[in-house]
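Here is the file model.txt (compact mmCIF, N, CA and C atoms).
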# COMPACT_ATOMS: atom_id res chain seq x y z
N MET A 11 -19.52 -38.82 1.03
CA MET A 11 -18.64 -37.83 0.43
C MET A 11 -17.56 -38.57 -0.35
N LYS A 12 -17.35 -38.17 -1.59
CA LYS A 12 -16.34 -38.80 -2.43
C LYS A 12 -15.02 -38.04 -2.32
N THR A 13 -13.92 -38.76 -2.60
CA THR A 13 -12.58 -38.21 -2.46
C THR A 13 -11.88 -38.19 -3.82
N TYR A 14 -11.20 -37.05 -4.10
CA TYR A 14 -10.54 -36.86 -5.38
C TYR A 14 -9.10 -36.39 -5.17
N PRO A 15 -8.12 -37.06 -5.79
CA PRO A 15 -6.74 -36.56 -5.72
C PRO A 15 -6.51 -35.51 -6.83
N VAL A 16 -5.86 -34.42 -6.45
CA VAL A 16 -5.57 -33.35 -7.42
C VAL A 16 -4.18 -32.79 -7.18
N VAL A 17 -3.62 -32.23 -8.24
CA VAL A 17 -2.37 -31.47 -8.10
C VAL A 17 -2.72 -30.00 -7.95
N ILE A 18 -1.90 -29.31 -7.18
CA ILE A 18 -2.07 -27.89 -6.93
C ILE A 18 -0.76 -27.21 -7.30
N GLY A 19 -0.82 -26.12 -8.05
CA GLY A 19 0.40 -25.41 -8.44
C GLY A 19 0.36 -23.95 -8.02
N ILE A 20 1.26 -23.60 -7.10
CA ILE A 20 1.45 -22.19 -6.76
C ILE A 20 2.45 -21.68 -7.79
N VAL A 21 1.96 -20.89 -8.74
CA VAL A 21 2.81 -20.35 -9.81
C VAL A 21 3.37 -19.02 -9.34
N ILE A 22 4.70 -18.90 -9.41
CA ILE A 22 5.38 -17.72 -8.89
C ILE A 22 6.24 -17.06 -9.98
N PHE A 23 6.17 -15.73 -10.02
CA PHE A 23 6.97 -14.92 -10.94
C PHE A 23 7.35 -13.64 -10.21
N ASN A 24 8.63 -13.38 -10.08
CA ASN A 24 9.12 -12.16 -9.40
C ASN A 24 8.44 -11.93 -8.05
N GLU A 25 8.37 -12.97 -7.24
CA GLU A 25 7.81 -12.92 -5.88
C GLU A 25 6.29 -12.69 -5.83
N ASN A 26 5.63 -12.74 -6.97
CA ASN A 26 4.17 -12.67 -7.03
C ASN A 26 3.62 -14.06 -7.36
N ILE A 27 2.41 -14.31 -6.88
CA ILE A 27 1.75 -15.57 -7.21
C ILE A 27 0.56 -15.30 -8.13
N LEU A 28 0.18 -16.31 -8.85
CA LEU A 28 -0.92 -16.21 -9.81
C LEU A 28 -2.20 -16.78 -9.21
N LEU A 29 -3.26 -15.98 -9.26
CA LEU A 29 -4.60 -16.47 -8.92
C LEU A 29 -5.45 -16.44 -10.18
N LEU A 30 -6.31 -17.45 -10.32
CA LEU A 30 -7.22 -17.57 -11.45
C LEU A 30 -8.64 -17.61 -10.92
N LYS A 31 -9.56 -16.91 -11.58
CA LYS A 31 -10.96 -16.91 -11.15
C LYS A 31 -11.74 -17.91 -11.99
N ARG A 32 -12.40 -18.85 -11.33
CA ARG A 32 -13.19 -19.86 -12.03
C ARG A 32 -14.39 -19.20 -12.71
N VAL A 33 -14.80 -19.74 -13.84
CA VAL A 33 -15.94 -19.20 -14.57
C VAL A 33 -17.23 -19.37 -13.76
N SER A 34 -18.21 -18.56 -14.06
CA SER A 34 -19.46 -18.56 -13.29
C SER A 34 -20.28 -19.83 -13.48
N ASN A 35 -20.10 -20.53 -14.58
CA ASN A 35 -20.86 -21.76 -14.82
C ASN A 35 -20.08 -23.03 -14.47
N SER A 36 -19.00 -22.87 -13.71
CA SER A 36 -18.21 -24.02 -13.29
C SER A 36 -19.03 -24.90 -12.34
N MET A 37 -18.91 -26.21 -12.50
CA MET A 37 -19.61 -27.14 -11.61
C MET A 37 -19.02 -27.14 -10.21
N ILE A 38 -17.75 -26.80 -10.11
CA ILE A 38 -17.05 -26.78 -8.83
C ILE A 38 -16.56 -25.36 -8.55
N ALA A 39 -16.99 -24.80 -7.44
CA ALA A 39 -16.53 -23.49 -6.95
C ALA A 39 -16.63 -22.36 -7.99
N PRO A 40 -17.83 -22.13 -8.54
CA PRO A 40 -17.96 -21.04 -9.51
C PRO A 40 -17.58 -19.69 -8.90
N ASN A 41 -16.93 -18.86 -9.70
CA ASN A 41 -16.53 -17.49 -9.32
C ASN A 41 -15.53 -17.41 -8.18
N LYS A 42 -14.98 -18.52 -7.78
CA LYS A 42 -13.97 -18.50 -6.72
C LYS A 42 -12.58 -18.38 -7.34
N TRP A 43 -11.69 -17.76 -6.59
CA TRP A 43 -10.29 -17.63 -7.01
C TRP A 43 -9.52 -18.86 -6.55
N GLN A 44 -8.55 -19.26 -7.34
CA GLN A 44 -7.76 -20.44 -7.03
C GLN A 44 -6.38 -20.32 -7.64
N VAL A 45 -5.52 -21.26 -7.30
CA VAL A 45 -4.25 -21.41 -7.99
C VAL A 45 -4.47 -22.49 -9.04
N VAL A 46 -3.46 -22.76 -9.84
CA VAL A 46 -3.58 -23.81 -10.86
C VAL A 46 -3.85 -25.14 -10.16
N SER A 47 -4.75 -25.92 -10.74
CA SER A 47 -5.05 -27.23 -10.18
C SER A 47 -5.57 -28.15 -11.27
N GLY A 48 -5.58 -29.43 -10.98
CA GLY A 48 -6.12 -30.36 -11.95
C GLY A 48 -6.18 -31.78 -11.44
N PHE A 49 -7.07 -32.55 -12.04
CA PHE A 49 -7.19 -33.97 -11.74
C PHE A 49 -6.01 -34.72 -12.34
N ILE A 50 -5.65 -35.82 -11.73
CA ILE A 50 -4.52 -36.63 -12.17
C ILE A 50 -5.04 -37.78 -13.04
N PRO A 51 -4.71 -37.78 -14.32
CA PRO A 51 -5.15 -38.90 -15.17
C PRO A 51 -4.45 -40.20 -14.77
N GLU A 52 -5.08 -41.30 -15.09
CA GLU A 52 -4.52 -42.60 -14.78
C GLU A 52 -3.14 -42.76 -15.39
N PHE A 53 -2.19 -43.19 -14.58
CA PHE A 53 -0.81 -43.48 -14.97
C PHE A 53 -0.01 -42.27 -15.44
N GLU A 54 -0.45 -41.05 -15.12
CA GLU A 54 0.38 -39.87 -15.39
C GLU A 54 1.06 -39.47 -14.08
N ALA A 55 2.35 -39.24 -14.12
CA ALA A 55 3.07 -38.81 -12.93
C ALA A 55 2.56 -37.44 -12.50
N VAL A 56 2.47 -37.23 -11.19
CA VAL A 56 1.94 -35.96 -10.69
C VAL A 56 2.78 -34.78 -11.15
N GLU A 57 4.09 -34.97 -11.30
CA GLU A 57 4.96 -33.90 -11.79
C GLU A 57 4.59 -33.51 -13.22
N ASP A 58 4.30 -34.50 -14.04
CA ASP A 58 3.88 -34.22 -15.41
C ASP A 58 2.51 -33.56 -15.44
N THR A 59 1.62 -34.01 -14.54
CA THR A 59 0.27 -33.45 -14.49
C THR A 59 0.32 -31.97 -14.15
N ILE A 60 1.08 -31.57 -13.14
CA ILE A 60 1.07 -30.16 -12.75
C ILE A 60 1.69 -29.28 -13.82
N LEU A 61 2.75 -29.73 -14.46
CA LEU A 61 3.35 -28.91 -15.52
C LEU A 61 2.41 -28.79 -16.72
N ARG A 62 1.69 -29.86 -17.01
CA ARG A 62 0.69 -29.81 -18.10
C ARG A 62 -0.44 -28.85 -17.74
N GLU A 63 -0.92 -28.93 -16.50
CA GLU A 63 -2.00 -28.04 -16.06
C GLU A 63 -1.57 -26.58 -16.09
N VAL A 64 -0.36 -26.30 -15.67
CA VAL A 64 0.14 -24.91 -15.74
C VAL A 64 0.08 -24.42 -17.19
N LYS A 65 0.55 -25.23 -18.10
CA LYS A 65 0.56 -24.85 -19.52
C LYS A 65 -0.87 -24.68 -20.04
N GLU A 66 -1.75 -25.63 -19.73
CA GLU A 66 -3.13 -25.56 -20.23
C GLU A 66 -3.90 -24.38 -19.66
N GLU A 67 -3.72 -24.08 -18.37
CA GLU A 67 -4.52 -23.05 -17.71
C GLU A 67 -3.94 -21.65 -17.84
N THR A 68 -2.63 -21.55 -18.17
CA THR A 68 -2.00 -20.22 -18.20
C THR A 68 -1.23 -19.92 -19.48
N GLY A 69 -0.93 -20.94 -20.26
CA GLY A 69 -0.10 -20.75 -21.45
C GLY A 69 1.38 -20.65 -21.12
N LEU A 70 1.74 -20.79 -19.84
CA LEU A 70 3.13 -20.63 -19.41
C LEU A 70 3.82 -21.97 -19.23
N ASP A 71 5.12 -21.97 -19.49
CA ASP A 71 5.96 -23.13 -19.18
C ASP A 71 6.51 -22.93 -17.79
N GLY A 72 6.45 -23.96 -16.98
CA GLY A 72 6.91 -23.85 -15.62
C GLY A 72 7.98 -24.85 -15.27
N GLU A 73 8.63 -24.58 -14.14
CA GLU A 73 9.65 -25.47 -13.59
C GLU A 73 9.28 -25.74 -12.13
N ILE A 74 9.27 -27.00 -11.77
CA ILE A 74 8.96 -27.37 -10.40
C ILE A 74 10.14 -26.98 -9.51
N ILE A 75 9.86 -26.17 -8.50
CA ILE A 75 10.87 -25.76 -7.53
C ILE A 75 10.84 -26.67 -6.31
N LYS A 76 9.63 -27.03 -5.90
CA LYS A 76 9.48 -27.82 -4.68
C LYS A 76 8.11 -28.49 -4.67
N GLN A 77 8.06 -29.68 -4.08
CA GLN A 77 6.79 -30.35 -3.83
C GLN A 77 6.52 -30.31 -2.34
N GLY A 78 5.30 -29.96 -1.98
CA GLY A 78 4.92 -29.91 -0.58
C GLY A 78 4.26 -31.20 -0.14
N PRO A 79 3.97 -31.31 1.15
CA PRO A 79 3.30 -32.50 1.67
C PRO A 79 1.84 -32.55 1.26
N LEU A 80 1.31 -33.75 1.13
CA LEU A 80 -0.10 -33.93 0.84
C LEU A 80 -0.93 -33.28 1.94
N ASN A 81 -2.08 -32.73 1.55
CA ASN A 81 -3.02 -32.23 2.54
C ASN A 81 -4.43 -32.53 2.05
N ILE A 82 -5.36 -32.50 2.96
CA ILE A 82 -6.75 -32.83 2.63
C ILE A 82 -7.64 -31.64 2.98
N THR A 83 -8.51 -31.28 2.04
CA THR A 83 -9.51 -30.24 2.28
C THR A 83 -10.87 -30.78 1.88
N GLU A 84 -11.91 -30.10 2.36
CA GLU A 84 -13.28 -30.46 1.99
C GLU A 84 -13.98 -29.22 1.46
N ALA A 85 -14.71 -29.41 0.36
CA ALA A 85 -15.49 -28.33 -0.24
C ALA A 85 -16.47 -28.94 -1.22
N ASP A 86 -17.60 -28.28 -1.38
CA ASP A 86 -18.61 -28.71 -2.35
C ASP A 86 -19.00 -30.18 -2.16
N ASN A 87 -19.10 -30.61 -0.91
CA ASN A 87 -19.47 -31.98 -0.57
C ASN A 87 -18.51 -33.01 -1.18
N ARG A 88 -17.24 -32.61 -1.28
CA ARG A 88 -16.20 -33.50 -1.79
C ARG A 88 -14.98 -33.38 -0.88
N LYS A 89 -14.19 -34.44 -0.83
CA LYS A 89 -12.92 -34.41 -0.12
C LYS A 89 -11.83 -34.38 -1.18
N TRP A 90 -10.85 -33.51 -1.00
CA TRP A 90 -9.77 -33.32 -1.96
C TRP A 90 -8.44 -33.71 -1.32
N ILE A 91 -7.72 -34.62 -1.94
CA ILE A 91 -6.35 -34.94 -1.54
C ILE A 91 -5.46 -34.09 -2.44
N ASN A 92 -4.85 -33.09 -1.86
CA ASN A 92 -4.07 -32.11 -2.61
C ASN A 92 -2.58 -32.44 -2.59
N ILE A 93 -1.97 -32.41 -3.77
CA ILE A 93 -0.53 -32.60 -3.90
C ILE A 93 0.02 -31.26 -4.41
N PRO A 94 0.58 -30.44 -3.50
CA PRO A 94 0.98 -29.09 -3.89
C PRO A 94 2.41 -29.01 -4.44
N PHE A 95 2.57 -28.10 -5.39
CA PHE A 95 3.87 -27.83 -5.99
C PHE A 95 4.07 -26.32 -6.05
N LEU A 96 5.32 -25.90 -5.92
CA LEU A 96 5.71 -24.53 -6.17
C LEU A 96 6.33 -24.52 -7.55
N ILE A 97 5.77 -23.69 -8.43
CA ILE A 97 6.17 -23.68 -9.84
C ILE A 97 6.69 -22.29 -10.20
N LYS A 98 7.90 -22.24 -10.72
CA LYS A 98 8.50 -20.97 -11.17
C LYS A 98 8.28 -20.83 -12.67
N VAL A 99 7.88 -19.62 -13.09
CA VAL A 99 7.74 -19.31 -14.51
C VAL A 99 8.63 -18.11 -14.83
N THR A 100 8.96 -17.94 -16.10
CA THR A 100 9.86 -16.85 -16.51
C THR A 100 9.14 -15.72 -17.22
N SER A 101 7.82 -15.76 -17.21
CA SER A 101 7.01 -14.71 -17.85
C SER A 101 5.72 -14.53 -17.07
N ASP A 102 5.18 -13.32 -17.13
CA ASP A 102 3.88 -13.07 -16.50
C ASP A 102 2.77 -12.88 -17.55
N LYS A 103 3.04 -13.27 -18.78
CA LYS A 103 2.10 -13.12 -19.89
C LYS A 103 1.15 -14.31 -19.94
N VAL A 104 0.11 -14.25 -19.13
CA VAL A 104 -0.83 -15.35 -18.98
C VAL A 104 -1.87 -15.34 -20.09
N ILE A 105 -2.18 -16.52 -20.59
CA ILE A 105 -3.30 -16.73 -21.51
C ILE A 105 -4.20 -17.75 -20.82
N ILE A 106 -5.31 -17.26 -20.23
CA ILE A 106 -6.15 -18.16 -19.45
C ILE A 106 -6.98 -19.08 -20.34
N SER A 107 -7.28 -20.23 -19.79
CA SER A 107 -8.11 -21.21 -20.49
C SER A 107 -9.58 -20.85 -20.28
N ASP A 108 -10.46 -21.63 -20.89
CA ASP A 108 -11.90 -21.37 -20.75
C ASP A 108 -12.43 -21.79 -19.38
N GLU A 109 -11.58 -22.36 -18.52
CA GLU A 109 -11.98 -22.70 -17.15
C GLU A 109 -12.03 -21.47 -16.26
N HIS A 110 -11.39 -20.39 -16.71
CA HIS A 110 -11.25 -19.19 -15.88
C HIS A 110 -11.68 -17.95 -16.64
N SER A 111 -12.12 -16.94 -15.87
CA SER A 111 -12.57 -15.69 -16.48
C SER A 111 -11.60 -14.54 -16.26
N GLU A 112 -10.75 -14.65 -15.25
CA GLU A 112 -9.80 -13.58 -14.92
C GLU A 112 -8.55 -14.19 -14.31
N PHE A 113 -7.49 -13.39 -14.27
CA PHE A 113 -6.28 -13.76 -13.54
C PHE A 113 -5.69 -12.51 -12.93
N VAL A 114 -4.87 -12.72 -11.90
CA VAL A 114 -4.20 -11.61 -11.25
C VAL A 114 -2.90 -12.12 -10.64
N TRP A 115 -1.85 -11.31 -10.75
CA TRP A 115 -0.59 -11.56 -10.05
C TRP A 115 -0.62 -10.74 -8.77
N ILE A 116 -0.37 -11.38 -7.63
CA ILE A 116 -0.45 -10.68 -6.35
C ILE A 116 0.71 -11.08 -5.44
N LYS A 117 0.96 -10.25 -4.44
CA LYS A 117 1.85 -10.65 -3.35
C LYS A 117 1.11 -11.74 -2.57
N PRO A 118 1.79 -12.79 -2.13
CA PRO A 118 1.09 -13.89 -1.45
C PRO A 118 0.18 -13.45 -0.30
N ILE A 119 0.60 -12.51 0.49
CA ILE A 119 -0.19 -12.09 1.64
C ILE A 119 -1.54 -11.48 1.22
N ASP A 120 -1.63 -10.99 0.00
CA ASP A 120 -2.86 -10.36 -0.48
C ASP A 120 -3.93 -11.34 -0.90
N TYR A 121 -3.67 -12.65 -0.80
CA TYR A 121 -4.67 -13.64 -1.20
C TYR A 121 -5.98 -13.43 -0.41
N GLU A 122 -5.88 -12.90 0.81
CA GLU A 122 -7.06 -12.70 1.65
C GLU A 122 -8.07 -11.73 1.05
N LYS A 123 -7.63 -10.92 0.11
CA LYS A 123 -8.52 -9.94 -0.54
C LYS A 123 -9.41 -10.59 -1.60
N TYR A 124 -9.18 -11.87 -1.86
CA TYR A 124 -9.90 -12.59 -2.91
C TYR A 124 -10.72 -13.72 -2.29
N ASP A 125 -11.86 -14.01 -2.89
CA ASP A 125 -12.73 -15.08 -2.43
C ASP A 125 -12.19 -16.40 -2.98
N CYS A 126 -11.23 -16.97 -2.27
CA CYS A 126 -10.51 -18.16 -2.74
C CYS A 126 -11.19 -19.45 -2.30
N ILE A 127 -10.93 -20.50 -3.05
CA ILE A 127 -11.39 -21.84 -2.68
C ILE A 127 -10.68 -22.28 -1.40
N ASN A 128 -11.26 -23.27 -0.72
CA ASN A 128 -10.61 -23.84 0.46
C ASN A 128 -9.24 -24.38 0.08
N GLY A 129 -8.28 -24.18 0.93
CA GLY A 129 -6.98 -24.78 0.73
C GLY A 129 -5.90 -23.84 0.25
N VAL A 130 -6.27 -22.69 -0.32
CA VAL A 130 -5.25 -21.78 -0.85
C VAL A 130 -4.33 -21.31 0.28
N LYS A 131 -4.91 -20.94 1.41
CA LYS A 131 -4.09 -20.49 2.54
C LYS A 131 -3.11 -21.58 2.97
N LEU A 132 -3.59 -22.80 3.11
CA LEU A 132 -2.75 -23.91 3.53
C LEU A 132 -1.60 -24.13 2.54
N ASP A 133 -1.90 -24.08 1.25
CA ASP A 133 -0.86 -24.28 0.24
C ASP A 133 0.19 -23.18 0.29
N LEU A 134 -0.22 -21.95 0.53
CA LEU A 134 0.75 -20.85 0.65
C LEU A 134 1.58 -21.01 1.91
N GLU A 135 0.97 -21.48 2.98
CA GLU A 135 1.70 -21.70 4.23
C GLU A 135 2.74 -22.83 4.08
N VAL A 136 2.36 -23.88 3.37
CA VAL A 136 3.26 -25.02 3.17
C VAL A 136 4.59 -24.59 2.58
N PHE A 137 4.54 -23.62 1.68
CA PHE A 137 5.77 -23.17 1.01
C PHE A 137 6.37 -21.93 1.67
N GLY A 138 5.85 -21.55 2.83
CA GLY A 138 6.40 -20.41 3.55
C GLY A 138 6.16 -19.08 2.86
N LEU A 139 5.12 -19.02 2.04
CA LEU A 139 4.83 -17.77 1.31
C LEU A 139 4.02 -16.77 2.14
N ILE A 140 3.35 -17.28 3.18
CA ILE A 140 2.64 -16.40 4.14
C ILE A 140 2.95 -16.89 5.55
Transcribe the structure of this file into structure tokens.
Amino acid sequence: MKTYPVVIGIVIFNENILLLKRVSNSMIAPNKWQVVSGFIPEFEAVEDTILREVKEETGLDGEIIKQGPLNITEADNRKWINIPFLIKVTSDKVIISDEHSEFVWIKPIDYEKYDCINGVKLDLEVFGLI
């Protein structure tokens, strides 16, 4: 099993969080709901990576409110080292990238109504959102 470090962004606007649905032809977790995430390019600071990913995946500019502790999840025969961030945005006008087919703003506790990737619950717990 291979291991990959990624940034995770819980995007928050007016006490709602953003979930994005992965496209059906995605190599990783097709049709699953997730928060913003992305691989960390060589020599890019994780803070820069998450803000870039928020912009690329949602069209929104974000501000880092808090960084959570690293956590590890397993899915799709891969191990993920997750670096979570809580990101505040000033607009809910999302423009999704071609990585996703849908988006929804929800109350954090409602994440259970969506078929989410592994780790979403843990990331919400880390920031005291559930």
Near Val17 (chain A), counting all atoms listed in the file, which residues have an atom at most 5 Å away, once you skip same-chain residues fewer than 2 positions from it, shown as a PyMOL selection string?
chain A and resi 15+19+47-48+93
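Across the model, the gap from CA of Lys65 (chain A) to atom C of Tyr14 (chain A) is 20.8 Å.
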Find the residue from A:Ile116, A:Leu134, A:Leu61, A:Leu80 that sits nearest to Leu29 (chain A); use only C-alpha atoms when measuring.
A:Ile116
Which residue is closest to Tyr121 (chain A)? Choose from A:Leu28, A:Ile22, A:Glu109, A:Gly78 and count only C-alpha atoms.
A:Leu28
Residues of chain A in strand (DSSP E or B) according to DSSP, as a PyMOL selection string?
chain A and resi 12-23+26-32+43-44+46-49+72-77+81-85+88-99+110-116+126
